[in-house]
$ cat work09.tsv   # TSV, C-alpha atoms
chain	number	residue	atom	x	y	z
A	1	MET	CA	71.71	8.62	56.29
A	2	ASN	CA	75.47	8.08	56.13
A	3	ASN	CA	77.03	7.68	52.69
A	4	ALA	CA	80.72	6.74	52.38
A	5	SER	CA	80.78	7.90	48.74
A	6	ASN	CA	80.50	11.49	50.05
A	7	VAL	CA	83.85	11.15	51.87
A	8	SER	CA	86.76	12.42	49.81
A	9	ALA	CA	90.37	13.46	49.55
A	10	GLY	CA	91.51	16.25	47.25
A	11	LYS	CA	94.24	15.79	44.65
A	12	PRO	CA	95.57	18.32	42.16
A	13	LYS	CA	94.67	17.94	38.52
A	14	ILE	CA	97.51	16.52	36.43
A	15	THR	CA	97.62	19.77	34.43
A	16	GLY	CA	98.09	21.88	37.57
A	17	ALA	CA	96.12	23.08	40.54
A	18	ILE	CA	96.75	26.77	41.28
A	19	TYR	CA	96.40	29.51	38.68
A	20	ALA	CA	96.79	33.29	39.07
A	21	ALA	CA	95.51	36.09	36.84
A	22	PRO	CA	95.39	39.89	37.01
A	23	LEU	CA	92.34	41.42	38.69
A	24	GLY	CA	89.53	41.96	36.20
A	25	THR	CA	90.18	38.69	34.35
A	26	LEU	CA	86.98	36.82	33.49
A	27	LEU	CA	86.40	34.29	36.29
A	28	PRO	CA	84.98	30.80	35.72
A	29	GLU	CA	81.62	29.87	37.23
A	30	THR	CA	81.80	26.09	36.81
A	31	PRO	CA	84.44	23.46	37.56
A	32	THR	CA	84.68	22.45	33.88
A	33	GLU	CA	84.86	25.86	32.18
A	34	GLU	CA	88.12	26.66	30.36
A	35	LEU	CA	90.19	29.28	32.15
A	36	ASP	CA	90.80	32.64	30.53
A	37	GLU	CA	94.22	32.71	28.86
A	38	ALA	CA	95.37	35.36	31.38
A	39	PHE	CA	95.56	32.65	34.09
A	40	ARG	CA	99.09	31.36	34.65
A	41	GLY	CA	99.89	28.09	36.40
A	42	LEU	CA	101.92	28.29	39.60
A	43	GLY	CA	103.29	24.78	39.13
A	44	TYR	CA	103.89	22.09	41.69
A	45	CYS	CA	102.94	22.51	45.34
A	46	SER	CA	104.40	20.52	48.20
A	47	ASP	CA	102.84	17.21	49.22
A	48	GLU	CA	101.25	19.00	52.18
A	49	GLY	CA	98.61	20.17	49.72
A	50	MET	CA	96.61	23.27	50.54
A	51	THR	CA	94.84	24.50	53.67
A	52	ASN	CA	91.80	26.80	53.73
A	53	GLY	CA	91.81	28.61	57.05
A	54	THR	CA	88.97	30.50	58.65
A	55	ASN	CA	89.62	32.83	61.56
A	56	LEU	CA	86.22	33.58	63.04
A	57	GLU	CA	86.05	36.11	65.87
A	58	THR	CA	82.95	36.54	67.98
A	59	THR	CA	81.74	38.47	71.00
A	60	ASP	CA	79.51	36.85	73.61
A	61	ILE	CA	76.62	38.94	74.90
A	62	LYS	CA	75.76	37.94	78.43
A	63	ALA	CA	72.60	38.46	80.42
A	64	TRP	CA	72.47	39.45	84.03
A	65	GLY	CA	73.71	36.41	85.88
A	66	GLY	CA	76.39	35.50	83.33
A	67	GLU	CA	74.44	33.37	80.85
A	68	THR	CA	75.41	33.84	77.17
A	69	VAL	CA	72.29	34.93	75.31
A	70	LEU	CA	73.75	36.04	71.97
A	71	VAL	CA	76.93	35.48	69.99
A	72	ILE	CA	77.86	38.25	67.53
A	73	GLN	CA	80.36	37.66	64.72
A	74	THR	CA	82.85	40.54	64.76
A	75	SER	CA	85.17	39.42	61.95
A	76	LYS	CA	85.98	36.50	59.70
A	77	ASP	CA	89.18	35.99	57.71
A	78	ASP	CA	89.39	33.53	54.82
A	79	THR	CA	92.92	32.35	53.97
A	80	PHE	CA	94.64	29.73	51.84
A	81	HIS	CA	98.05	28.26	52.58
A	82	PHE	CA	100.28	26.27	50.21
A	83	VAL	CA	103.98	25.82	49.42
A	84	LEU	CA	105.00	26.63	45.84
A	85	LEU	CA	107.92	24.46	44.70
A	86	GLU	CA	108.72	25.78	41.21
A	87	VAL	CA	111.19	28.43	42.35
A	88	LYS	CA	112.56	28.90	38.80
A	89	ASN	CA	109.07	29.54	37.31
A	90	VAL	CA	108.78	33.25	36.38
A	91	ASP	CA	105.02	33.23	37.06
A	92	VAL	CA	105.66	31.92	40.60
A	93	LEU	CA	108.33	34.56	41.16
A	94	LYS	CA	105.97	37.33	40.01
A	95	PHE	CA	103.26	35.96	42.32
A	96	VAL	CA	105.66	36.03	45.29
A	97	TYR	CA	107.67	39.20	44.60
A	98	GLY	CA	105.29	41.25	42.40
A	99	ASN	CA	105.12	41.71	38.63
A	100	THR	CA	107.29	44.81	38.54
A	101	ASN	CA	110.00	43.20	40.69
A	102	VAL	CA	110.70	40.25	38.35
A	103	SER	CA	112.05	40.50	34.83
A	104	GLY	CA	113.60	38.21	32.25
A	105	ASP	CA	113.42	34.48	31.74
A	106	LEU	CA	115.49	31.50	32.78
A	107	GLN	CA	117.27	31.17	29.42
A	108	ASN	CA	118.46	34.79	29.34
A	109	GLY	CA	118.58	35.48	33.05
A	110	ILE	CA	116.01	36.42	35.68
A	111	LYS	CA	116.32	39.51	37.85
A	112	ILE	CA	114.36	39.69	41.12
A	113	MET	CA	114.22	42.90	43.14
A	114	VAL	CA	113.27	42.31	46.78
A	115	ASN	CA	111.80	45.41	48.41
A	116	ASN	CA	108.94	46.78	50.47
A	117	LYS	CA	106.57	47.44	47.56
A	118	ASP	CA	103.09	45.96	47.75
A	119	VAL	CA	102.72	42.70	45.85
A	120	ASP	CA	99.94	42.75	43.25
A	121	GLN	CA	96.49	41.55	44.23
A	122	VAL	CA	95.36	38.84	41.82
A	123	SER	CA	92.55	36.37	41.22
A	124	LEU	CA	93.21	32.71	41.96
A	125	VAL	CA	91.64	29.50	40.70
A	126	ILE	CA	92.39	26.21	42.43
A	127	ASP	CA	91.45	23.00	40.60
A	128	MET	CA	91.36	19.57	42.18
A	129	ILE	CA	89.85	16.14	41.76
A	130	LEU	CA	87.93	14.61	44.62
A	131	SER	CA	87.27	10.90	45.12
A	132	GLY	CA	84.74	9.38	42.75
A	133	ASN	CA	85.95	11.52	39.83
A	134	THR	CA	84.38	14.72	41.17
A	135	LEU	CA	85.89	17.99	39.96
A	136	LYS	CA	86.19	20.82	42.47
A	137	ARG	CA	87.16	24.38	41.64
A	138	ILE	CA	87.77	27.18	44.13
A	139	VAL	CA	87.64	30.70	42.70
A	140	ILE	CA	89.09	33.60	44.70
A	141	PRO	CA	88.12	36.85	42.93
A	142	THR	CA	90.65	38.97	44.86
A	143	MET	CA	93.50	37.87	47.10
A	144	SER	CA	96.40	39.55	48.80
A	145	LEU	CA	99.61	37.84	49.72
A	146	SER	CA	99.62	37.95	53.51
A	147	GLU	CA	102.63	35.85	54.45
A	148	ILE	CA	105.70	34.19	52.97
A	149	GLY	CA	107.51	31.83	55.31
A	150	ASP	CA	111.25	31.52	55.64
A	151	ILE	CA	112.97	30.35	52.46
A	152	GLU	CA	115.35	27.56	53.37
A	153	TYR	CA	118.34	26.60	51.24
A	154	ASN	CA	119.83	23.24	52.19
A	155	ASP	CA	120.73	19.93	50.58
A	156	GLN	CA	117.95	17.91	52.23
A	157	ASN	CA	114.74	19.70	51.24
A	158	PRO	CA	113.42	21.43	48.13
A	159	ILE	CA	113.35	25.22	48.12
A	160	GLY	CA	109.80	26.51	48.33
A	161	TYR	CA	107.67	29.57	48.89
A	162	ASP	CA	105.56	28.86	51.99
A	163	THR	CA	102.65	31.08	51.00
A	164	THR	CA	99.53	32.33	52.77
A	165	VAL	CA	97.00	34.46	50.91
A	166	LYS	CA	94.08	36.39	52.36
A	167	CYS	CA	90.81	36.51	50.40
A	168	ILE	CA	89.27	39.97	49.95
A	169	PRO	CA	85.45	40.18	49.72
A	170	ASP	CA	84.04	40.93	46.27
A	171	SER	CA	81.17	43.35	45.55
A	172	SER	CA	78.73	40.67	46.78
A	173	GLY	CA	80.64	40.22	50.04
A	174	ASN	CA	81.97	36.76	49.10
A	175	THR	CA	85.62	35.90	49.70
A	176	HIS	CA	85.66	32.80	47.50
A	177	TYR	CA	83.40	30.48	45.54
A	178	GLU	CA	83.42	26.68	45.34
A	179	TYR	CA	82.07	24.62	42.45
A	180	MET	CA	81.79	20.81	42.22
A	181	ILE	CA	80.49	18.34	39.67
A	182	ALA	CA	80.72	14.58	39.27
A	183	VAL	CA	82.03	13.62	35.86
A	184	ALA	CA	81.65	10.29	34.07
A	185	GLN	CA	84.42	7.77	34.55
A	186	PRO	CA	86.35	7.14	31.34
A	187	SER	CA	85.28	3.91	29.70
A	188	ALA	CA	87.81	1.11	29.34
$ encode --input "work09.tsv" --output "structure tokens"
Amino acid sequence: MNNASNVSAGKPKITGAIYAAPLGTLLPETPTEELDEAFRGLGYCSDEGMTNGTNLETTDIKAWGGETVLVIQTSKDDTFHFVLLEVKNVDVLKFVYGNTNVSGDLQNGIKIMVNNKDVDQVSLVIDMILSGNTLKRIVIPTMSLSEIGDIEYNDQNPIGYDTTVKCIPDSSGNTHYEYMIAVAQPSA
């Protein structure tokens, strides 16, 4: 039976939506669990929100006569895309350029070295609120930065890091986990 209350939009939590931590950090297993202190917020994202992409590749097995009789999955990529807007946030800069390529702080000066070194793999947690006061948390145990779009500097748009990350399967073969729970509405 159809149920309109199951239809939802996703909004970031007021306290932030995307958090990164070094690999090996204790990962949450519920949408309400406090994050380990190693997680650092990556600040505001653009109003485009976030996109979870799935690139599924298959091979059709055909029988004599051309009829498809079996479809075999040959690969499946799991990616997330978002635009990070806090370009002066040291944690964002380390996420984009790598921990060893960013030093300092805004008050004393930040140094960014842009080079061909691999950017650190990290764990990500993405927190959002769905319609009807439902909390949703996406946990990516291991991700690699797979693409940074062009960085545009102009007087009409904010500077941002147009970021795509690729999820790496964990020891159980899972690329990410999703947790949801409906929470009570605050009383008036």
$ closest_residue --input "work09.tsv" --among "A:Val183, A:Gly149, A:Asn174, A:Glu29" --to "Val96 of chain A" --atoms "all atoms listed in the file"
A:Gly149
$ closest_residue --input "work09.tsv" --among "A:Gly53, A:Thr79, A:Leu135, A:Gly109" --to "Lys13 of chain A" --atoms "all atoms listed in the file"
A:Leu135
$ closest_residue --input "work09.tsv" --among "A:Leu85, A:Ile168, A:Val92, A:Ile14" --to "Tyr44 of chain A" --atoms "only C-alpha atoms"
A:Leu85
$ closest_residue --input "work09.tsv" --among "A:Ala182, A:Ala17, A:Ala63, A:Leu145" --to "Ser46 of chain A" --atoms "only C-alpha atoms"
A:Ala17
$ residues_around --input "work09.tsv" --residues "Thr100 of chain A" --least-positions-apart "4" --cutoff "9 Å" --atoms "only C-alpha atoms" --output "PyMOL selection string"
chain A and resi 94+113+119-120
$ residues_around --input "work09.tsv" --residues "Tyr97 of chain A" --least-positions-apart "2" --cutoff "12 Å" --atoms "all atoms listed in the file" --output "PyMOL selection string"
chain A and resi 87+90-95+99-103+111-121+145+147-148+161+163
$ residues_near_point --input "work09.tsv" --point "(86.1, 30.5, 57.8)" --cutoff "12 Å" --atoms "all atoms listed in the file" --output "list in words"
Thr51, Asn52, Gly53, Thr54, Asn55, Leu56, Glu57, Gln73, Ser75, Lys76, Asp77, Asp78, Thr79, Phe80, Lys166, Cys167, Asn174, Thr175 and His176 of chain A
$ write_last_selection --input "work09.tsv" --atoms "C-alpha atoms" --output "PDB file, in the frame of the given file"
ATOM      1  CA  THR A  51      94.840  24.500  53.670  1.00  0.00           C
ATOM      2  CA  ASN A  52      91.800  26.800  53.730  1.00  0.00           C
ATOM      3  CA  GLY A  53      91.810  28.610  57.050  1.00  0.00           C
ATOM      4  CA  THR A  54      88.970  30.500  58.650  1.00  0.00           C
ATOM      5  CA  ASN A  55      89.620  32.830  61.560  1.00  0.00           C
ATOM      6  CA  LEU A  56      86.220  33.580  63.040  1.00  0.00           C
ATOM      7  CA  GLU A  57      86.050  36.110  65.870  1.00  0.00           C
ATOM      8  CA  GLN A  73      80.360  37.660  64.720  1.00  0.00           C
ATOM      9  CA  SER A  75      85.170  39.420  61.950  1.00  0.00           C
ATOM     10  CA  LYS A  76      85.980  36.500  59.700  1.00  0.00           C
ATOM     11  CA  ASP A  77      89.180  35.990  57.710  1.00  0.00           C
ATOM     12  CA  ASP A  78      89.390  33.530  54.820  1.00  0.00           C
ATOM     13  CA  THR A  79      92.920  32.350  53.970  1.00  0.00           C
ATOM     14  CA  PHE A  80      94.640  29.730  51.840  1.00  0.00           C
ATOM     15  CA  LYS A 166      94.080  36.390  52.360  1.00  0.00           C
ATOM     16  CA  CYS A 167      90.810  36.510  50.400  1.00  0.00           C
ATOM     17  CA  ASN A 174      81.970  36.760  49.100  1.00  0.00           C
ATOM     18  CA  THR A 175      85.620  35.900  49.700  1.00  0.00           C
ATOM     19  CA  HIS A 176      85.660  32.800  47.500  1.00  0.00           C
TER      20      HIS A 176
END
$ residues_around --input "work09.tsv" --residues "Pro22 of chain A" --least-positions-apart "3" --cutoff "7 Å" --atoms "only C-alpha atoms" --output "number ranges by chain"
A: 25, 122-123
$ residues_around --input "work09.tsv" --residues "Phe39 of chain A" --least-positions-apart "5" --cutoff "7 Å" --atoms "all atoms listed in the file" --output "PyMOL selection string"
chain A and resi 19-21
